[in-house]
Amino acid sequence: MVADIWLMKAHALKFACLVIVSGLAVAAARAQDVDESGVRSRILALEHAWNQAEGFKDMKALDALFDNALIYVDIDGTLMTKAEFLSRVKSAPVQQVVTESMTVQVFGPAAIATGTYVSKEFKDGKAVLHRGRFVDTWVIKDKTWICVAAQATPVLH
Amino acid sequence: MPTGLRSAIMLVVLAGAGGARVCAQSASDPDAVAKVLALERLWGQASALRDIKALDFIFDDDLVNLDIDGRLMTKAQTLADTLTAGAVQIVVESTSAQAHGKTVIVTGVLRLKGVDAGKPYLRHGRFVDTWMYRRSHWVCVASETTPIGTR
């Protein structure tokens with residue numbers, strides 16, 4: 001009889017543990033979903049802020065978005081440092097950039113933003129259109145998301 | 001047309017062979033940089049041998065691969081492309097890497113030489129690969145190649 005009671009208690013305890021562990025797992029998964037969703041929104045906002053800052057040639061805003069060790073590969077394959085990219089933005093003719101689509105994948109402390117865009121710039125009085133695809137890498141440093149690498153590739157097809 | 005960085009069967013001329021140059025620089029973690037650069041070489045070799053199992057280990061399941069033609073591919077598409085693509089010779093001319101905690105960015109220059117529809121081609125591109133330390137090993141989560149001088 002005593003053995004039966006102990007067995008029942010053991011089963012009850014095991015069940016309770018299972019419920020608690022399952023609950024914690026679900027809660028953790030939901031928290032991760034919410035967290036990833038938050039990061040995605042944050043990165044999308046930063047990408048839009050980048051477009052706006054570039055359009056307005058807001059160098060202070062751009063400086064805050066990029067890591068000092070930024071690797072930037074332009075659509076013609078030119079490799080630029082952060083200083084070189086900022087200098088190019090400052091001196092470049094007015095350019096309109098329209099992001100057509102963008103998705104963000106979160107990998108814990110890093111996120112990859114991918115999308116397509118059309119840029120329109122004016123050269124010798126003529127409008128020149130470029131269509132490209134981009135991949136930007138963001139990492140979190142000191143609780144702030146910062147872009148460490150950005151690359152664009154022309155869409156040929 | 002070439003099917004992109006390491007997504008075809010390749011003869012890869014790596015650092016130390018054919019005068020290729022590899023220089024590594026690290027922002028914070030030389031060990032991480034060394035491991036990732038070794039995986040970059042392994043990637044080239046695995047592609048040359050069409051070793052899908054090795055490539056499966058190197059690529060994260062959520063890999064984003066943007067090839068030199070602007071084609072965006074998933075991991076499954078990249079692996080399938082490796083199996084079906086024609087022969088391409090890839091010469092990696094330079095590689096450098098920077099560590100940002102659990103993320104390493106590798107950038108370099110390569111030349112692609114192959115034959116497409118009976119016509120030989122030679123292309124020059126710059127690549128950026130993003131590696132992450134996940135589940136106890138380094139995996140490539142994003143790779144992109146831009147043709148040089150085609151604007």
# chains A, B, ... in the order shown; residues from 1 in each chain; ligands from 1
call {"tool": "closest_atom_pairs", "arguments": {"of": "chain A", "to": "chain B", "cutoff": "9 Å", "atoms": "only C-alpha atoms", "output": "Markdown table"}}
result
| residue | atom | partner | partner_atom | distance |
| --- | --- | --- | --- | --- |
| A:Ala69 | CA | B:Gln98 | CA | 8.2 |
| A:Ile71 | CA | B:Thr107 | CA | 8.1 |
| A:Val73 | CA | B:Thr146 | CA | 7.7 |
| A:Asp74 | CA | B:Thr146 | CA | 8.1 |
| A:Ile75 | CA | B:Thr146 | CA | 6.6 |
| A:Asp76 | CA | B:Arg151 | CA | 5.0 |
| A:Gly77 | CA | B:Ile148 | CA | 4.2 |
| A:Thr78 | CA | B:Ile148 | CA | 6.9 |
| A:Leu79 | CA | B:Arg126 | CA | 8.1 |
| A:Gln105 | CA | B:Asp62 | CA | 8.0 |
| A:Phe107 | CA | B:Met132 | CA | 7.9 |
| A:Gly108 | CA | B:Arg134 | CA | 8.9 |
| A:Pro109 | CA | B:Lys102 | CA | 7.5 |
| A:Ala110 | CA | B:Thr103 | CA | 7.1 |
| A:Ile112 | CA | B:Ala142 | CA | 7.4 |
| A:Thr114 | CA | B:Val64 | CA | 8.2 |
| A:His130 | CA | B:Arg151 | CA | 8.5 |
| A:Gly132 | CA | B:Gly70 | CA | 7.4 |
| A:Arg133 | CA | B:Gly70 | CA | 6.4 |
| A:Phe134 | CA | B:Leu66 | CA | 8.4 |
| A:Val135 | CA | B:Glu144 | CA | 7.2 |
| A:Thr137 | CA | B:Thr130 | CA | 7.4 |
| A:Val139 | CA | B:His100 | CA | 7.6 |
| A:Lys141 | CA | B:His100 | CA | 8.5 |
| A:Val148 | CA | B:Ile105 | CA | 8.1 |
| A:Ala149 | CA | B:Ile105 | CA | 7.4 |
| A:Ala150 | CA | B:Val128 | CA | 8.5 |
| A:Gln151 | CA | B:Glu144 | CA | 7.3 |
| A:Ala152 | CA | B:Thr146 | CA | 6.8 |
| A:Thr153 | CA | B:Thr146 | CA | 4.8 |
| A:Pro154 | CA | B:Gly70 | CA | 5.8 |
| A:Val155 | CA | B:Gly70 | CA | 4.6 |
| A:Leu156 | CA | B:Asp69 | CA | 5.8 |
| A:His157 | CA | B:Asp69 | CA | 7.5 |
call {"tool": "select_by_dssp", "arguments": {"residues": "stretch 31-144 of chain B", "states": "strand (DSSP E)", "output": "tab-separated table (two decimals) with N, CA and C atoms, in the first residue's frame"}}
result
chain	number	residue	atom	x	y	z
B	59	PHE	N	27.43	24.99	-45.07
B	59	PHE	CA	26.36	25.99	-45.22
B	59	PHE	C	25.31	25.85	-44.12
B	60	ASP	N	24.88	26.98	-43.59
B	60	ASP	CA	23.74	26.99	-42.68
B	60	ASP	C	22.48	26.64	-43.47
B	61	ASP	N	21.51	26.05	-42.80
B	61	ASP	CA	20.26	25.68	-43.50
B	61	ASP	C	19.57	26.91	-44.09
B	62	ASP	N	19.80	28.07	-43.48
B	62	ASP	CA	19.16	29.30	-43.96
B	62	ASP	C	20.10	30.13	-44.84
B	63	LEU	N	21.05	29.48	-45.47
B	63	LEU	CA	22.03	30.19	-46.32
B	63	LEU	C	21.35	31.12	-47.33
B	64	VAL	N	21.93	32.30	-47.47
B	64	VAL	CA	21.52	33.24	-48.52
B	64	VAL	C	22.70	33.34	-49.48
B	65	ASN	N	22.53	32.90	-50.71
B	65	ASN	CA	23.64	32.90	-51.68
B	65	ASN	C	23.25	33.72	-52.91
B	66	LEU	N	23.97	34.81	-53.07
B	66	LEU	CA	23.72	35.69	-54.22
B	66	LEU	C	24.90	35.55	-55.18
B	72	LEU	N	19.55	34.87	-56.58
B	72	LEU	CA	19.47	34.61	-55.15
B	72	LEU	C	19.10	33.14	-54.96
B	73	MET	N	19.91	32.43	-54.20
B	73	MET	CA	19.66	31.00	-54.03
B	73	MET	C	19.64	30.59	-52.56
B	87	ALA	N	31.83	22.83	-65.68
B	87	ALA	CA	33.13	23.07	-65.04
B	87	ALA	C	33.53	24.54	-65.08
B	88	VAL	N	33.98	25.02	-63.96
B	88	VAL	CA	34.46	26.40	-63.86
B	88	VAL	C	35.77	26.38	-63.09
B	89	GLN	N	36.76	27.09	-63.61
B	89	GLN	CA	38.00	27.22	-62.86
B	89	GLN	C	37.94	28.51	-62.06
B	90	ILE	N	38.16	28.41	-60.78
B	90	ILE	CA	38.13	29.61	-59.94
B	90	ILE	C	39.49	29.84	-59.32
B	91	VAL	N	40.00	31.02	-59.53
B	91	VAL	CA	41.27	31.40	-58.90
B	91	VAL	C	40.94	32.46	-57.85
B	92	VAL	N	41.17	32.10	-56.60
B	92	VAL	CA	40.97	33.07	-55.52
B	92	VAL	C	42.25	33.88	-55.39
B	93	GLU	N	42.16	35.17	-55.70
B	93	GLU	CA	43.37	36.00	-55.74
B	93	GLU	C	43.75	36.56	-54.38
B	94	SER	N	42.76	36.87	-53.57
B	94	SER	CA	43.06	37.41	-52.24
B	94	SER	C	41.88	37.16	-51.32
B	95	THR	N	42.17	37.04	-50.06
B	95	THR	CA	41.13	36.83	-49.07
B	95	THR	C	41.52	37.55	-47.78
B	96	SER	N	40.58	38.21	-47.15
B	96	SER	CA	40.85	38.77	-45.83
B	96	SER	C	39.61	38.59	-44.97
B	97	ALA	N	39.80	38.59	-43.67
B	97	ALA	CA	38.67	38.31	-42.78
B	97	ALA	C	38.69	39.22	-41.57
B	98	GLN	N	37.50	39.49	-41.07
B	98	GLN	CA	37.35	40.31	-39.86
B	98	GLN	C	36.38	39.60	-38.93
B	99	ALA	N	36.73	39.53	-37.66
B	99	ALA	CA	35.84	38.90	-36.68
B	99	ALA	C	35.07	39.97	-35.92
B	100	HIS	N	33.78	39.69	-35.73
B	100	HIS	CA	32.91	40.56	-34.92
B	100	HIS	C	32.19	39.64	-33.94
B	103	THR	N	30.57	36.41	-35.34
B	103	THR	CA	30.40	36.60	-36.78
B	103	THR	C	31.75	36.92	-37.41
B	104	VAL	N	32.05	36.29	-38.53
B	104	VAL	CA	33.28	36.59	-39.27
B	104	VAL	C	32.90	36.95	-40.71
B	105	ILE	N	33.45	38.05	-41.17
B	105	ILE	CA	33.21	38.50	-42.54
B	105	ILE	C	34.47	38.23	-43.37
B	106	VAL	N	34.31	37.49	-44.45
B	106	VAL	CA	35.44	37.19	-45.34
B	106	VAL	C	35.18	37.91	-46.66
B	107	THR	N	36.19	38.60	-47.13
B	107	THR	CA	36.05	39.25	-48.43
B	107	THR	C	37.26	38.91	-49.30
B	108	GLY	N	37.05	38.85	-50.58
B	108	GLY	CA	38.14	38.51	-51.47
B	108	GLY	C	37.82	38.77	-52.93
B	109	VAL	N	38.82	38.48	-53.75
B	109	VAL	CA	38.67	38.68	-55.20
B	109	VAL	C	38.92	37.34	-55.88
B	110	LEU	N	38.14	37.05	-56.90
B	110	LEU	CA	38.32	35.79	-57.63
B	110	LEU	C	38.16	36.00	-59.13
B	111	ARG	N	38.68	35.03	-59.85
B	111	ARG	CA	38.49	35.00	-61.31
B	111	ARG	C	37.82	33.69	-61.68
B	112	LEU	N	36.81	33.78	-62.53
B	112	LEU	CA	36.08	32.60	-62.98
B	112	LEU	C	36.40	32.37	-64.45
B	113	LYS	N	36.77	31.14	-64.76
B	113	LYS	CA	37.10	30.81	-66.14
B	113	LYS	C	36.36	29.53	-66.50
B	114	GLY	N	35.59	29.58	-67.56
B	114	GLY	CA	34.84	28.39	-67.93
B	114	GLY	C	34.32	28.48	-69.35
B	115	VAL	N	33.45	27.56	-69.68
B	115	VAL	CA	32.85	27.52	-71.01
B	115	VAL	C	31.34	27.42	-70.83
B	116	ASP	N	30.63	28.28	-71.53
B	116	ASP	CA	29.17	28.25	-71.45
B	116	ASP	C	28.62	28.24	-72.87
B	119	LYS	N	31.06	28.66	-75.55
B	119	LYS	CA	31.86	29.89	-75.60
B	119	LYS	C	32.65	30.05	-74.30
B	120	PRO	N	33.97	30.29	-74.42
B	120	PRO	CA	34.76	30.50	-73.20
B	120	PRO	C	34.47	31.88	-72.59
B	121	TYR	N	34.53	31.95	-71.30
B	121	TYR	CA	34.35	33.26	-70.64
B	121	TYR	C	35.36	33.39	-69.50
B	122	LEU	N	35.62	34.62	-69.14
B	122	LEU	CA	36.50	34.93	-68.02
B	122	LEU	C	35.85	36.07	-67.24
B	123	ARG	N	35.60	35.86	-65.97
B	123	ARG	CA	34.95	36.90	-65.18
B	123	ARG	C	35.73	37.16	-63.90
B	124	HIS	N	35.58	38.38	-63.44
B	124	HIS	CA	36.33	38.85	-62.29
B	124	HIS	C	35.32	39.32	-61.26
B	125	GLY	N	35.39	38.82	-60.06
B	125	GLY	CA	34.39	39.20	-59.06
B	125	GLY	C	34.95	39.42	-57.67
B	126	ARG	N	34.19	40.14	-56.87
B	126	ARG	CA	34.55	40.34	-55.46
B	126	ARG	C	33.48	39.68	-54.61
B	127	PHE	N	33.90	38.89	-53.64
B	127	PHE	CA	32.91	38.19	-52.82
B	127	PHE	C	32.98	38.63	-51.35
B	128	VAL	N	31.85	38.50	-50.69
B	128	VAL	CA	31.76	38.71	-49.25
B	128	VAL	C	30.98	37.54	-48.67
B	129	ASP	N	31.60	36.83	-47.75
B	129	ASP	CA	30.93	35.71	-47.09
B	129	ASP	C	30.75	36.02	-45.61
B	130	THR	N	29.59	35.70	-45.07
B	130	THR	CA	29.33	35.91	-43.64
B	130	THR	C	29.24	34.55	-42.95
B	131	TRP	N	30.08	34.38	-41.94
B	131	TRP	CA	30.11	33.13	-41.18
B	131	TRP	C	29.65	33.39	-39.75
B	132	MET	N	28.96	32.38	-39.20
B	132	MET	CA	28.49	32.51	-37.81
B	132	MET	C	28.84	31.26	-37.03
B	133	TYR	N	29.13	31.46	-35.76
B	133	TYR	CA	29.38	30.32	-34.88
B	133	TYR	C	28.03	29.86	-34.33
B	134	ARG	N	27.55	28.73	-34.82
B	134	ARG	CA	26.24	28.22	-34.41
B	134	ARG	C	26.33	26.74	-34.09
B	137	HIS	N	29.80	25.03	-34.17
B	137	HIS	CA	30.74	25.14	-35.28
B	137	HIS	C	30.42	26.33	-36.18
B	138	TRP	N	31.39	26.68	-37.02
B	138	TRP	CA	31.24	27.83	-37.90
B	138	TRP	C	30.50	27.41	-39.17
B	139	VAL	N	29.49	28.17	-39.54
B	139	VAL	CA	28.74	27.90	-40.77
B	139	VAL	C	28.61	29.19	-41.58
B	140	CYS	N	28.54	29.03	-42.88
B	140	CYS	CA	28.35	30.19	-43.75
B	140	CYS	C	26.86	30.49	-43.85
B	141	VAL	N	26.46	31.70	-43.49
B	141	VAL	CA	25.05	32.06	-43.53
B	141	VAL	C	24.71	32.93	-44.75
B	142	ALA	N	25.73	33.58	-45.30
B	142	ALA	CA	25.46	34.41	-46.48
B	142	ALA	C	26.71	34.50	-47.35
B	143	SER	N	26.50	34.48	-48.67
B	143	SER	CA	27.61	34.61	-49.61
B	143	SER	C	27.12	35.43	-50.80
B	144	GLU	N	27.97	36.35	-51.22
B	144	GLU	CA	27.56	37.21	-52.33
B	144	GLU	C	28.78	37.54	-53.19
call {"tool": "residues_around", "arguments": {"residues": "stretch 50-52 of chain A", "least_positions_apart": "6", "cutoff": "8 Å", "atoms": "only C-alpha atoms", "output": "PyMOL selection string"}}
result
chain A and resi 61-62+65+97
call {"tool": "write_last_selection", "arguments": {"atoms": "C-alpha atoms", "output": "compact mmCIF listing (two decimals), in the first residue's frame"}}
result
# COMPACT_ATOMS: atom_id res chain seq x y z
CA ALA A 61 23.13 59.35 -39.29
CA LEU A 62 25.12 57.20 -41.72
CA LEU A 65 24.62 53.02 -38.81
CA VAL A 97 17.00 54.65 -54.45
call {"tool": "select_by_dssp", "arguments": {"residues": "chain A", "states": "helix (DSSP H, G or I)", "output": "JSON, numbers by chain"}}
result
{"A": [2, 3, 4, 5, 6, 7, 8, 9, 10, 11, 12, 13, 14, 15, 16, 17, 18, 19, 20, 21, 22, 23, 24, 25, 26, 27, 28, 29, 30, 31, 32, 33, 34, 35, 36, 37, 38, 39, 40, 41, 42, 43, 44, 45, 46, 47, 48, 49, 50, 51, 52, 53, 54, 55, 59, 60, 61, 62, 63, 64, 65, 82, 83, 84, 85, 86, 87, 88, 89, 90, 91]}
call {"tool": "write_last_selection", "arguments": {"atoms": "C-alpha atoms", "output": "tab-separated table (two decimals), in the first residue's frame"}}
result
chain	number	residue	atom	x	y	z
A	2	VAL	CA	2.78	2.39	0.98
A	3	ALA	CA	4.66	1.37	-2.16
A	4	ASP	CA	1.57	2.17	-4.29
A	5	ILE	CA	1.29	5.62	-2.75
A	6	TRP	CA	4.99	6.29	-3.43
A	7	LEU	CA	4.56	5.08	-7.01
A	8	MET	CA	1.56	7.39	-7.52
A	9	LYS	CA	3.50	10.30	-6.04
A	10	ALA	CA	6.44	9.56	-8.31
A	11	HIS	CA	4.17	9.48	-11.38
A	12	ALA	CA	2.49	12.72	-10.31
A	13	LEU	CA	5.87	14.36	-9.79
A	14	LYS	CA	7.09	13.15	-13.20
A	15	PHE	CA	3.91	14.50	-14.84
A	16	ALA	CA	4.26	17.84	-13.07
A	17	CYS	CA	7.90	18.10	-14.20
A	18	LEU	CA	6.90	17.26	-17.76
A	19	VAL	CA	4.20	19.97	-17.74
A	20	ILE	CA	6.63	22.54	-16.32
A	21	VAL	CA	9.39	21.66	-18.81
A	22	SER	CA	6.94	21.73	-21.75
A	23	GLY	CA	5.57	25.07	-20.55
A	24	LEU	CA	9.06	26.52	-20.27
A	25	ALA	CA	10.00	25.23	-23.73
A	26	VAL	CA	6.88	26.79	-25.28
A	27	ALA	CA	7.49	30.04	-23.43
A	28	ALA	CA	11.13	30.09	-24.57
A	29	ALA	CA	10.14	29.39	-28.18
A	30	ARG	CA	7.53	32.18	-28.07
A	31	ALA	CA	10.02	34.56	-26.52
A	32	GLN	CA	12.51	33.73	-29.30
A	33	ASP	CA	9.81	34.28	-31.95
A	34	VAL	CA	8.90	37.63	-30.41
A	35	ASP	CA	12.57	38.52	-30.10
A	36	GLU	CA	13.34	37.55	-33.73
A	37	SER	CA	10.31	39.46	-34.92
A	38	GLY	CA	11.52	42.49	-32.98
A	39	VAL	CA	14.99	42.21	-34.48
A	40	ARG	CA	13.54	41.91	-38.00
A	41	SER	CA	11.50	45.08	-37.48
A	42	ARG	CA	14.54	46.84	-36.07
A	43	ILE	CA	16.76	45.89	-39.04
A	44	LEU	CA	14.07	46.89	-41.57
A	45	ALA	CA	13.79	50.27	-39.82
A	46	LEU	CA	17.57	50.70	-39.93
A	47	GLU	CA	17.66	49.84	-43.64
A	48	HIS	CA	14.98	52.47	-44.32
A	49	ALA	CA	16.88	54.95	-42.16
A	50	TRP	CA	19.97	54.22	-44.28
A	51	ASN	CA	18.09	55.02	-47.51
A	52	GLN	CA	16.76	58.25	-46.06
A	53	ALA	CA	20.11	59.31	-44.63
A	54	GLU	CA	21.83	58.61	-47.96
A	55	GLY	CA	19.17	60.56	-49.82
A	59	MET	CA	26.53	61.89	-42.70
A	60	LYS	CA	25.99	61.83	-38.95
A	61	ALA	CA	23.13	59.35	-39.29
A	62	LEU	CA	25.12	57.20	-41.72
A	63	ASP	CA	28.14	57.24	-39.41
A	64	ALA	CA	25.99	55.82	-36.61
A	65	LEU	CA	24.62	53.02	-38.81
A	82	LYS	CA	33.50	53.24	-44.12
A	83	ALA	CA	35.41	56.50	-44.69
A	84	GLU	CA	35.52	55.93	-48.44
A	85	PHE	CA	31.82	55.08	-48.60
A	86	LEU	CA	30.83	58.15	-46.58
A	87	SER	CA	33.06	60.32	-48.75
A	88	ARG	CA	31.45	58.91	-51.90
A	89	VAL	CA	27.93	59.56	-50.55
A	90	LYS	CA	28.91	63.13	-49.73
A	91	SER	CA	30.31	63.87	-53.18
call {"tool": "atom_distance", "arguments": {"atom1": "atom CA of A:Lys123", "atom2": "atom CA of A:Glu100"}}
result
22.8 Å
call {"tool": "closest_residue", "arguments": {"among": "A:Thr81, A:Phe66, A:Ala92, A:Ser119", "to": "A:Asp136", "atoms": "only C-alpha atoms"}}
result
A:Phe66
call {"tool": "atom_distance", "arguments": {"atom1": "atom CA of B:Gly86", "atom2": "atom CA of B:Ile58"}}
result
21.5 Å
